[in-house]
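Participant: The following block contains the structure, expressed as structure tokens.
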Amino acid sequence: MLKGLGSLGDMAGMMKKAKEMQGKMATLQEEMANLTVTGESGAGLVKATCTMKGEMKALDIDPSIFHPDEKEVVEDLILAAIKDAQLKASDRAQEEMTKLTEEMGLPKDMKLPF
């Protein structure tokens, strides 16, 4: 706290922390656009990769599952892999946000961005 400024010193400190947090949030948002997670289904026969923001980047399908009479099974496996990747991306993003709030001295359960 700055001497002689009373509550203005507290306000200046809060503003500094807010600016610092804004910078860290921007950095984290950039990282989330580049970091990927991979979800899978069918014991790894179908793999979907997406960014931590949930943007699909890749889909890998083992050719052994391509049978014309099992089209619906393949579609279900693809959807399951995508959902798994998106869930992992969401969980990872929340973990990163929690780390950021803890580093900033904010309550652990505070939801960011606001």
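Numbering starts fresh at 1 for the residues of each chain in the structure tokens, the chains themselves are lettered A, B, ... in the order given, and ligands are numbered from 1 as they appear.
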Pick out each residue of stretch 21-85 of chain A that DSSP on the backbone tags as helix (DSSP H, G or I); I need them as a PyMOL selection string.
Facilitator: chain A and resi 21-34+63-65+68-85
Participant: How about saving the chosen residues, N, CA and C atoms kept, as a CSV table (one decimal), in the first residue's frame?
Facilitator:
```csv
chain,number,residue,atom,x,y,z
A,21,MET,N,-3.7,-9.2,-14.3
A,21,MET,CA,-4.6,-10.3,-14.6
A,21,MET,C,-5.0,-10.2,-16.1
A,22,GLN,N,-5.3,-9.0,-16.6
A,22,GLN,CA,-5.8,-8.9,-18.0
A,22,GLN,C,-4.7,-9.4,-18.9
A,23,GLY,N,-3.5,-9.1,-18.6
A,23,GLY,CA,-2.3,-9.5,-19.5
A,23,GLY,C,-2.2,-11.1,-19.4
A,24,LYS,N,-2.3,-11.6,-18.2
A,24,LYS,CA,-2.2,-13.1,-18.1
A,24,LYS,C,-3.4,-13.8,-18.8
A,25,MET,N,-4.6,-13.2,-18.7
A,25,MET,CA,-5.7,-13.8,-19.4
A,25,MET,C,-5.5,-13.8,-20.9
A,26,ALA,N,-5.0,-12.7,-21.4
A,26,ALA,CA,-4.7,-12.6,-22.9
A,26,ALA,C,-3.7,-13.7,-23.3
A,27,THR,N,-2.7,-13.9,-22.5
A,27,THR,CA,-1.7,-14.9,-22.7
A,27,THR,C,-2.3,-16.3,-22.7
A,28,LEU,N,-3.1,-16.5,-21.7
A,28,LEU,CA,-3.8,-17.8,-21.6
A,28,LEU,C,-4.7,-18.1,-22.7
A,29,GLN,N,-5.4,-17.1,-23.2
A,29,GLN,CA,-6.3,-17.2,-24.3
A,29,GLN,C,-5.5,-17.7,-25.6
A,30,GLU,N,-4.4,-17.1,-25.8
A,30,GLU,CA,-3.5,-17.4,-26.9
A,30,GLU,C,-3.1,-18.9,-26.8
A,31,GLU,N,-2.6,-19.2,-25.6
A,31,GLU,CA,-2.2,-20.6,-25.3
A,31,GLU,C,-3.3,-21.6,-25.6
A,32,MET,N,-4.5,-21.3,-25.2
A,32,MET,CA,-5.6,-22.2,-25.3
A,32,MET,C,-6.0,-22.4,-26.8
A,33,ALA,N,-5.7,-21.4,-27.6
A,33,ALA,CA,-5.9,-21.6,-29.1
A,33,ALA,C,-4.9,-22.5,-29.7
A,34,ASN,N,-3.7,-22.7,-29.1
A,34,ASN,CA,-2.6,-23.5,-29.6
A,34,ASN,C,-2.4,-24.8,-29.0
A,63,PRO,N,-8.6,-47.7,-40.2
A,63,PRO,CA,-9.4,-48.2,-41.3
A,63,PRO,C,-10.1,-49.6,-41.0
A,64,SER,N,-9.7,-50.2,-40.0
A,64,SER,CA,-10.4,-51.5,-39.7
A,64,SER,C,-11.8,-51.4,-39.3
A,65,ILE,N,-12.3,-50.2,-39.0
A,65,ILE,CA,-13.7,-50.0,-38.6
A,65,ILE,C,-14.6,-49.7,-39.8
A,68,PRO,N,-19.3,-51.4,-44.5
A,68,PRO,CA,-20.6,-50.7,-45.0
A,68,PRO,C,-21.8,-51.0,-44.1
A,69,ASP,N,-21.9,-52.2,-43.5
A,69,ASP,CA,-23.0,-52.5,-42.7
A,69,ASP,C,-22.9,-52.0,-41.3
A,70,GLU,N,-21.8,-51.3,-40.9
A,70,GLU,CA,-21.6,-50.8,-39.6
A,70,GLU,C,-21.4,-49.2,-39.6
A,71,LYS,N,-22.0,-48.6,-40.6
A,71,LYS,CA,-21.9,-47.2,-40.8
A,71,LYS,C,-22.3,-46.4,-39.5
A,72,GLU,N,-23.4,-46.8,-38.9
A,72,GLU,CA,-23.9,-46.1,-37.7
A,72,GLU,C,-23.0,-46.3,-36.5
A,73,VAL,N,-22.3,-47.4,-36.4
A,73,VAL,CA,-21.3,-47.6,-35.4
A,73,VAL,C,-20.2,-46.7,-35.5
A,74,VAL,N,-19.7,-46.5,-36.8
A,74,VAL,CA,-18.6,-45.6,-37.1
A,74,VAL,C,-19.0,-44.2,-36.7
A,75,GLU,N,-20.2,-43.8,-37.1
A,75,GLU,CA,-20.7,-42.4,-36.8
A,75,GLU,C,-20.7,-42.2,-35.3
A,76,ASP,N,-21.2,-43.2,-34.6
A,76,ASP,CA,-21.3,-43.1,-33.1
A,76,ASP,C,-19.9,-42.9,-32.5
A,77,LEU,N,-18.9,-43.7,-33.0
A,77,LEU,CA,-17.5,-43.7,-32.5
A,77,LEU,C,-16.9,-42.3,-32.8
A,78,ILE,N,-17.2,-41.8,-34.0
A,78,ILE,CA,-16.7,-40.4,-34.3
A,78,ILE,C,-17.2,-39.4,-33.4
A,79,LEU,N,-18.5,-39.4,-33.2
A,79,LEU,CA,-19.2,-38.4,-32.3
A,79,LEU,C,-18.6,-38.6,-30.9
A,80,ALA,N,-18.5,-39.8,-30.4
A,80,ALA,CA,-18.0,-40.0,-29.1
A,80,ALA,C,-16.6,-39.5,-28.9
A,81,ALA,N,-15.7,-39.7,-29.9
A,81,ALA,CA,-14.3,-39.2,-29.8
A,81,ALA,C,-14.3,-37.7,-29.8
A,82,ILE,N,-15.2,-37.0,-30.6
A,82,ILE,CA,-15.3,-35.6,-30.6
A,82,ILE,C,-15.7,-35.0,-29.3
A,83,LYS,N,-16.8,-35.7,-28.8
A,83,LYS,CA,-17.3,-35.2,-27.5
A,83,LYS,C,-16.2,-35.4,-26.4
A,84,ASP,N,-15.5,-36.5,-26.4
A,84,ASP,CA,-14.4,-36.7,-25.5
A,84,ASP,C,-13.3,-35.7,-25.5
A,85,ALA,N,-12.9,-35.3,-26.8
A,85,ALA,CA,-11.9,-34.3,-27.0
A,85,ALA,C,-12.4,-32.9,-26.5
```
Participant: At a cut-off of 8 Å, using only C-alpha atoms, what residues contact A:Gln86? Leave out same-chain residues fewer than 4 positions from it and give the result as a short mmCIF file (atom, residue, chain, number, x, y, z; two decimals) with all heavy atoms, in the first residue's frame.
Facilitator:
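So part-v9.cif came out as:
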```
data_model
loop_
_atom_site.label_atom_id
_atom_site.label_comp_id
_atom_site.auth_asym_id
_atom_site.auth_seq_id
_atom_site.Cartn_x
_atom_site.Cartn_y
_atom_site.Cartn_z
N GLY A 39 -9.20 -36.71 -27.80
CA GLY A 39 -10.22 -37.60 -27.23
C GLY A 39 -10.28 -38.84 -28.10
O GLY A 39 -9.91 -38.81 -29.28
N CYS A 50 -8.57 -31.54 -30.67
CA CYS A 50 -9.08 -30.18 -30.73
C CYS A 50 -8.26 -29.28 -29.82
O CYS A 50 -7.54 -29.76 -28.95
CB CYS A 50 -10.57 -30.12 -30.38
SG CYS A 50 -10.99 -30.50 -28.69
N MET A 52 -7.79 -26.31 -26.90
CA MET A 52 -8.43 -26.15 -25.60
C MET A 52 -9.65 -25.24 -25.69
O MET A 52 -10.45 -25.19 -24.77
CB MET A 52 -7.44 -25.62 -24.57
CG MET A 52 -6.48 -26.70 -24.12
SD MET A 52 -5.19 -26.16 -22.98
CE MET A 52 -5.99 -25.09 -21.86
N GLY A 54 -11.82 -25.86 -28.02
CA GLY A 54 -12.82 -26.75 -28.59
C GLY A 54 -12.83 -26.80 -30.11
O GLY A 54 -13.67 -27.46 -30.70
N ILE A 82 -15.17 -37.04 -30.63
CA ILE A 82 -15.25 -35.57 -30.65
C ILE A 82 -15.72 -35.05 -29.30
O ILE A 82 -15.15 -34.11 -28.74
CB ILE A 82 -16.16 -35.09 -31.80
CG1 ILE A 82 -15.49 -35.37 -33.15
CG2 ILE A 82 -16.49 -33.61 -31.65
CD1 ILE A 82 -16.38 -35.16 -34.35
N SER A 90 -12.37 -28.64 -22.40
CA SER A 90 -13.06 -27.81 -21.41
C SER A 90 -12.46 -27.99 -20.02
O SER A 90 -12.22 -27.01 -19.30
CB SER A 90 -14.55 -28.16 -21.40
OG SER A 90 -15.22 -27.43 -20.42
#
```
Participant: Can you work out the spacing between atom CA of A:Gln94 and atom CA of A:Ala12 in Å, to one decimal?
Facilitator: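 About the pair atom CA of A:Gln94 and atom CA of A:Ala12: they are 28.9 Å apart.
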Participant: Can you pull out every residue within 12 Å of A:Glu20, counting only C-alpha atoms, but drop anything in the same chain fewer than 5 positions away, and send it as a list in words?
Facilitator: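 My reading of the contact set: Gly13, Met14, Met15, Met25, Ala26, Thr27, Leu100, Thr101, Glu103 and Met104 of chain A.
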Participant: Print the selection's residues with N, CA and C atoms to a file, as a CSV table (one decimal), in the first residue's frame.
Facilitator:
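Dumped to out.csv:
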```csv
chain,number,residue,atom,x,y,z
A,13,GLY,N,-3.4,-0.4,-6.1
A,13,GLY,CA,-2.9,-1.7,-6.1
A,13,GLY,C,-3.9,-2.7,-6.8
A,14,MET,N,-5.2,-2.4,-6.6
A,14,MET,CA,-6.2,-3.3,-7.2
A,14,MET,C,-6.1,-3.1,-8.7
A,15,MET,N,-6.0,-1.8,-9.2
A,15,MET,CA,-5.9,-1.5,-10.6
A,15,MET,C,-4.7,-2.2,-11.2
A,25,MET,N,-4.6,-13.2,-18.7
A,25,MET,CA,-5.7,-13.8,-19.4
A,25,MET,C,-5.5,-13.8,-20.9
A,26,ALA,N,-5.0,-12.7,-21.4
A,26,ALA,CA,-4.7,-12.6,-22.9
A,26,ALA,C,-3.7,-13.7,-23.3
A,27,THR,N,-2.7,-13.9,-22.5
A,27,THR,CA,-1.7,-14.9,-22.7
A,27,THR,C,-2.3,-16.3,-22.7
A,100,LEU,N,-4.5,-19.8,-12.8
A,100,LEU,CA,-4.4,-18.4,-13.0
A,100,LEU,C,-5.0,-17.6,-11.8
A,101,THR,N,-6.2,-18.0,-11.4
A,101,THR,CA,-6.8,-17.3,-10.3
A,101,THR,C,-6.1,-17.5,-9.0
A,103,GLU,N,-2.8,-18.0,-8.7
A,103,GLU,CA,-1.6,-17.3,-8.8
A,103,GLU,C,-1.9,-15.8,-8.5
A,104,MET,N,-3.1,-15.3,-8.9
A,104,MET,CA,-3.4,-13.9,-8.6
A,104,MET,C,-3.9,-13.7,-7.2
```
